[in-house]
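**Q** Can you read through this structure? Questions will come right after.
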Amino acid sequence: METGEERRQRQVLILLILLEVAQAGWEPRRYFVMEETESGSFVADLSKDLGLGVEELAARGAQVATEDNRPRLQLDQQTGKLLLSEKLDREELCGPVDPCVMRFQVLLQRPLEVFRAELLVGDINDHSPEFPEREMTLKIPESSPAGTPFPLKKAQDLDVGNNSVQTYHIGPNSHFHAFIRNSEDGRKYPELVLDKELDREELSEFRLTLTARDGGSPPRSGTIQIHVFVLDVNDNAPEFTQTFYKVQIPENSPLGSLVVKVSAQDLDTGTNGDITYFLFYSSQETGKTFELSSLSGEVRLIKTLDFETISSYELDIQASDGGGLSGKCSVSIKVLDVNDNFPELTISSLTSPIPENSPETEVALFRIRDRDSGENGRMVCSIQDGIPFTLKPSVENFYRLVTEGALDRERSAQYNITITVTDLGTPRLKTERNVTVLVSDVNDNAPTFTQASYTLFVRENNSPALHIGTISATDRDAGTNALITYSLLPPRDPQLALASLVSINADNGQLFALRALDYEALRAFEFRVGATDRGSPALSSEAPVRVLVLDANDNAPFVLYPLQNASAPCTELVPRAAEAGYLVSKVVAVDGDAGQNAWLSYQLLKATEPGLFSVWAHNGEVRTARLLGERDAPRHRLLVQVRDNGEPPLSASVTLHVLLVDGFSQPYLPLPEVAPERAQADSLTVYLVIALASVSSLFLFSVLVLVGVRLCRRGRAASPGRCTVPEGHFPGHLVDISGTGTLSQSYQYEVCLTGDSQENEFKFLKPIFPSILDRESGRKSEGNPAFQNNLGI
């Protein structure tokens, strides 16, 4: 099956053939110049001939390309005139071919146009006729009749037309004159014609001068000396079996190959029948290429042939016998072309780099050439698959390498294109040329952040100008288009003073805290960061940033209860009949920090009587550790420490005063603060006397009221006396006032007296739980029935 590459080559070949056919009728522009004209001479006004202005020619990058790629012509970009770059030698350019035509093209770009043109190089008479030798010998039998022609050696003139050899003549003599014979191929051969019969006995030899003269102005000439020997009679001259030999030889024939063998016969015998062959006339190039055997008449190859240099040779071979008679034949040797020349590829223009995102763009303009002929000289041009480029044939074997569409530098910044030119000879020869095309960057990609959003953590109380994080973005473009500048965008919250909180390094995206942050004042804030490249026009993008302030243990616990700044200390009353675990009081504290920094623990640091009271570590409840005894001191001072769980931990301490009482009859004396000064002790004594009197008065009033109530109840035949408990909560209860505190119960003080009790008793700090009130009452009733009866419950 036909592969993709073969199909593509076949398509390009068909396009090339159609293009050549379409251009077959185009007449190229023709100009004329004489050879040896000085360099810089005027040839033509291309600006006028092409109908384009000088500025347009320069803008479209006009240039001149010749067949052999030698800069023989130049285009003056300022005037639009075509000038000679060097002296032209017609003989070097064309040799014997007349007329001498040098083909060239004028290339214009944007859009691509190719104008074909021909420069005819006129010949001047700058070469004189030259004979291959200065002297030649001619043997003529004395019996030759008048009018007998004898061939002479031909002169060669590199000029053509009228400037080539036109006439031959012999110097004054009485027996001969020169005659010019025209061959079928148009060449002129001189002959010596006998005008008068010879007599060897009278004159045995002659010395003549043959002059060849061209038709130039002034004419040039060359001469050769002819030495004529008059021989005795030789009846038969050698005769060739063919007067014209036509042979073909491949140009790659090896040296020593037999080209042709000529043969002549002579009917005479002896020395008059011995035949010798020699080249009667040959050019210098012919003599270097072929060798003639004088005995056998074989012509062999002694120099490598090149069809592209010389495609044919003409030989004149003479056969002479020993008697001086001779015959002549001509040999035409045609060199057959073989596919021995690789295709040639010449790049006229190359554009690199190419901006990305551009539409169809011409990358290169090049010309292909094969010096072979026929099928060997036909070519197919192609590039590899898988690249966004294509070849478009133009005129005169020119091709345009163009992009198939917009290129993307981010996908591929460089393309290595291999242009392959293959001929159709056998075997096929190909030439490859690598072209590197760079794609220049266009700012078509906005910066992209490495994350969709950023979350940064900053511990409070940070030092100013602290680096808190880095915002990073990338840009797929290159060069200045990929350089990114970072900036802070205006916050959406108008109340957020972002400029006083953070700053950003515009070059690397590093974020810095401008001042110390306080978790308790600002726990989090959000803003946006913009990334802008330096392209034209500049592209940008943005990303949200959230900054979370982490708490530091910078707040010590604060005690809410008992108050430490009160004018009088708070004293807790505890009955001596209290059981172990009796709730004395509760230390309530809060911490302004959060998390584990706000986890509080309580510890009893110092007590008047160690082991009597304990503090629960998690809720700050102060309870009795054992039963109270008569020996226990009535006044106690407890130092409780509240400590958080931060690192390092912070703490606060509070002092509790506890008074052990036996009953209501015992006066309540608040525990004063330790006062070493005497003045403070006197003041406290006065306060104690007043307090004792007040308590005593209140106690007597309460007894009278209770006795009266008791008597009323007995009169109504009521059930045994009971304690009157006010409904609802005691107005002076203590409640936890913060969400993070540890006081979770409400307390009230209840005072009950019975008429038949022998002494007053108190009931302290009974927790009020609506759900478990009945259960608590039942438990206490079962545990101490006597105490219950005493209280009248």
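Every chain in the structure tokens has a letter given in the order shown (A, B, ...), and although residue numbers restart at 1 in each chain, ligands are simply numbered from 1 in the order shown.
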Using DSSP on the backbone coordinates, identify the residues of range 456-661 of chain A assigned to helix (DSSP H, G or I); present them as a list in words.

**A** Gly479, Thr480, Asn481, Ala482, Leu498, Ala499, Ser500, Gly595, Gln596, Asn597 and Ala598 of chain A

**Q** Might you pull out every residue within 10 Å of range 72-88 of chain A, with only C-alpha atoms counted and same-chain residues fewer than 5 positions away left off, and present them as a PyMOL selection string?

**A** chain A and resi 33-50+52-59+61-66+93+102+104+106+121-122

**Q** For Glu630 in chain A, find every residue with an atom within 10 Å (counting only C-alpha atoms), except residues of its own chain fewer than 3 positions away, and show them as a list in words.

**A**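 The filter keeps Arg576, Ala577, Ala633, Pro634, Leu660 and Asp662 of chain A.
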
**Q** Counting only C-alpha atoms, what is within 12 Å of Ala446 in chain A, bar same-chain residues fewer than 5 positions away, as a compact mmCIF listing (two decimals) with N, CA and C atoms, in the first residue's frame?

**A**
# COMPACT_ATOMS: atom_id res chain seq x y z
N ALA A 473 3.16 32.38 42.02
CA ALA A 473 2.42 32.21 40.76
C ALA A 473 3.43 31.96 39.65
N THR A 474 3.01 31.27 38.63
CA THR A 474 3.85 30.97 37.47
C THR A 474 3.18 31.50 36.21
N ASP A 475 4.01 31.74 35.21
CA ASP A 475 3.52 32.23 33.91
C ASP A 475 4.17 31.39 32.83
N ARG A 476 3.37 30.81 31.95
CA ARG A 476 3.89 29.92 30.92
C ARG A 476 4.60 30.67 29.81
N ASP A 477 4.47 31.99 29.81
CA ASP A 477 5.19 32.77 28.81
C ASP A 477 6.68 32.82 29.17
N ALA A 478 7.43 33.55 28.36
CA ALA A 478 8.87 33.61 28.56
C ALA A 478 9.32 35.06 28.56
N ASN A 481 7.55 38.66 29.54
CA ASN A 481 6.15 38.25 29.66
C ASN A 481 5.92 37.31 30.83
N ALA A 482 6.99 36.70 31.33
CA ALA A 482 6.87 35.76 32.44
C ALA A 482 7.29 36.37 33.77
N LEU A 483 7.75 37.62 33.75
CA LEU A 483 8.12 38.28 35.00
C LEU A 483 6.84 38.74 35.70
N ILE A 484 6.71 38.38 36.97
CA ILE A 484 5.46 38.59 37.70
C ILE A 484 5.68 39.61 38.81
N THR A 485 4.70 40.52 38.94
CA THR A 485 4.69 41.49 40.02
C THR A 485 3.47 41.21 40.90
N GLY A 530 -2.95 40.01 43.96
CA GLY A 530 -2.93 40.02 42.50
C GLY A 530 -1.53 39.74 41.97
N ALA A 531 -1.48 39.00 40.86
CA ALA A 531 -0.21 38.71 40.17
C ALA A 531 -0.34 39.23 38.74
N THR A 532 0.54 40.14 38.35
CA THR A 532 0.48 40.78 37.03
C THR A 532 1.81 40.58 36.33
N ASP A 533 1.77 40.12 35.07
CA ASP A 533 3.02 39.97 34.33
C ASP A 533 3.42 41.31 33.71
N ARG A 534 4.58 41.31 33.07
CA ARG A 534 5.11 42.55 32.52
C ARG A 534 5.01 42.59 31.00
N GLY A 535 4.08 41.79 30.46
CA GLY A 535 3.88 41.80 29.02
C GLY A 535 3.11 43.04 28.58
N SER A 536 2.86 43.10 27.28
CA SER A 536 2.11 44.22 26.72
C SER A 536 1.08 43.65 25.74
N PRO A 537 -0.20 43.72 26.08
CA PRO A 537 -0.74 44.26 27.33
C PRO A 537 -0.52 43.29 28.50
N ALA A 538 -0.48 43.85 29.71
CA ALA A 538 -0.23 43.03 30.89
C ALA A 538 -1.46 42.20 31.23
N LEU A 539 -1.21 40.96 31.66
CA LEU A 539 -2.28 40.06 32.09
C LEU A 539 -2.12 39.81 33.59
N SER A 540 -3.24 39.56 34.27
CA SER A 540 -3.18 39.40 35.72
C SER A 540 -4.19 38.36 36.17
N SER A 541 -4.02 37.91 37.40
CA SER A 541 -4.96 37.01 38.07
C SER A 541 -4.87 37.28 39.56
N GLU A 542 -5.81 36.74 40.31
CA GLU A 542 -5.83 36.98 41.75
C GLU A 542 -6.17 35.70 42.49

**Q** Please compute the CA of Asn163 in chain A-CA of Ser183 in chain A distance, one decimal, in Å.

**A**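 Spanning CA of Asn163 in chain A to CA of Ser183 in chain A is a straight-line distance of 19.0 Å.
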
**Q** Name the residues of range 623-670 of chain A that come out as strand (DSSP E) in a backbone DSSP run; write them as a PyMOL selection string.

**A** chain A and resi 623-624+635-644+651-661

**Q** I want to know what sits within 10 Å of Thr346 in chain A, based on only C-alpha atoms, with residues of the same chain fewer than 5 positions away left out; could you give that as an MDAnalysis selection string?

**A** chainID A and resid 65 68:69 365:369 398 433

**Q** How would the residues just picked look written out with C-alpha atoms as an mmCIF file, in the first residue's frame?

**A**
data_model
loop_
_atom_site.group_PDB
_atom_site.id
_atom_site.type_symbol
_atom_site.label_atom_id
_atom_site.label_comp_id
_atom_site.auth_asym_id
_atom_site.auth_seq_id
_atom_site.Cartn_x
_atom_site.Cartn_y
_atom_site.Cartn_z
ATOM 1 C CA ALA A 65 18.895 34.861 -7.402
ATOM 2 C CA ASP A 68 24.442 28.936 -9.991
ATOM 3 C CA ASN A 69 23.875 31.078 -6.857
ATOM 4 C CA LEU A 365 11.719 30.535 0.570
ATOM 5 C CA PHE A 366 14.032 28.086 -1.158
ATOM 6 C CA ARG A 367 14.828 26.700 -4.581
ATOM 7 C CA ILE A 368 15.605 23.121 -5.608
ATOM 8 C CA ARG A 369 17.731 22.018 -8.532
ATOM 9 C CA PHE A 398 10.828 27.691 -5.740
ATOM 10 C CA ARG A 433 18.368 20.167 4.823
#

**Q** Tell me which protein, DNA and RNA residues are within 12 Å of Ala598 in chain A, counting only C-alpha atoms, leaving out same-chain ones fewer than 3 positions away, and put them as a PyMOL selection string.

**A** chain A and resi 551-558+589-595+601+642-647+649-651+739-742

**Q** For CA of Gly171 in chain A and CA of Glu184 in chain A, quote the distance in Å rounded to one decimal.

**A** 28.2 Å

**Q** Using only C-alpha atoms, which residues sit within 7 Å of Ser143 in chain A once same-chain residues fewer than 2 positions away are excluded, as a count of residues only?

**A** 3

**Q** Report the distance between CA of Asp408 in chain A and CA of Ala364 in chain A in Å, rounded to one decimal place.

**A**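 Atom-to-atom, CA of Asp408 in chain A and CA of Ala364 in chain A are spaced 18.8 Å apart.
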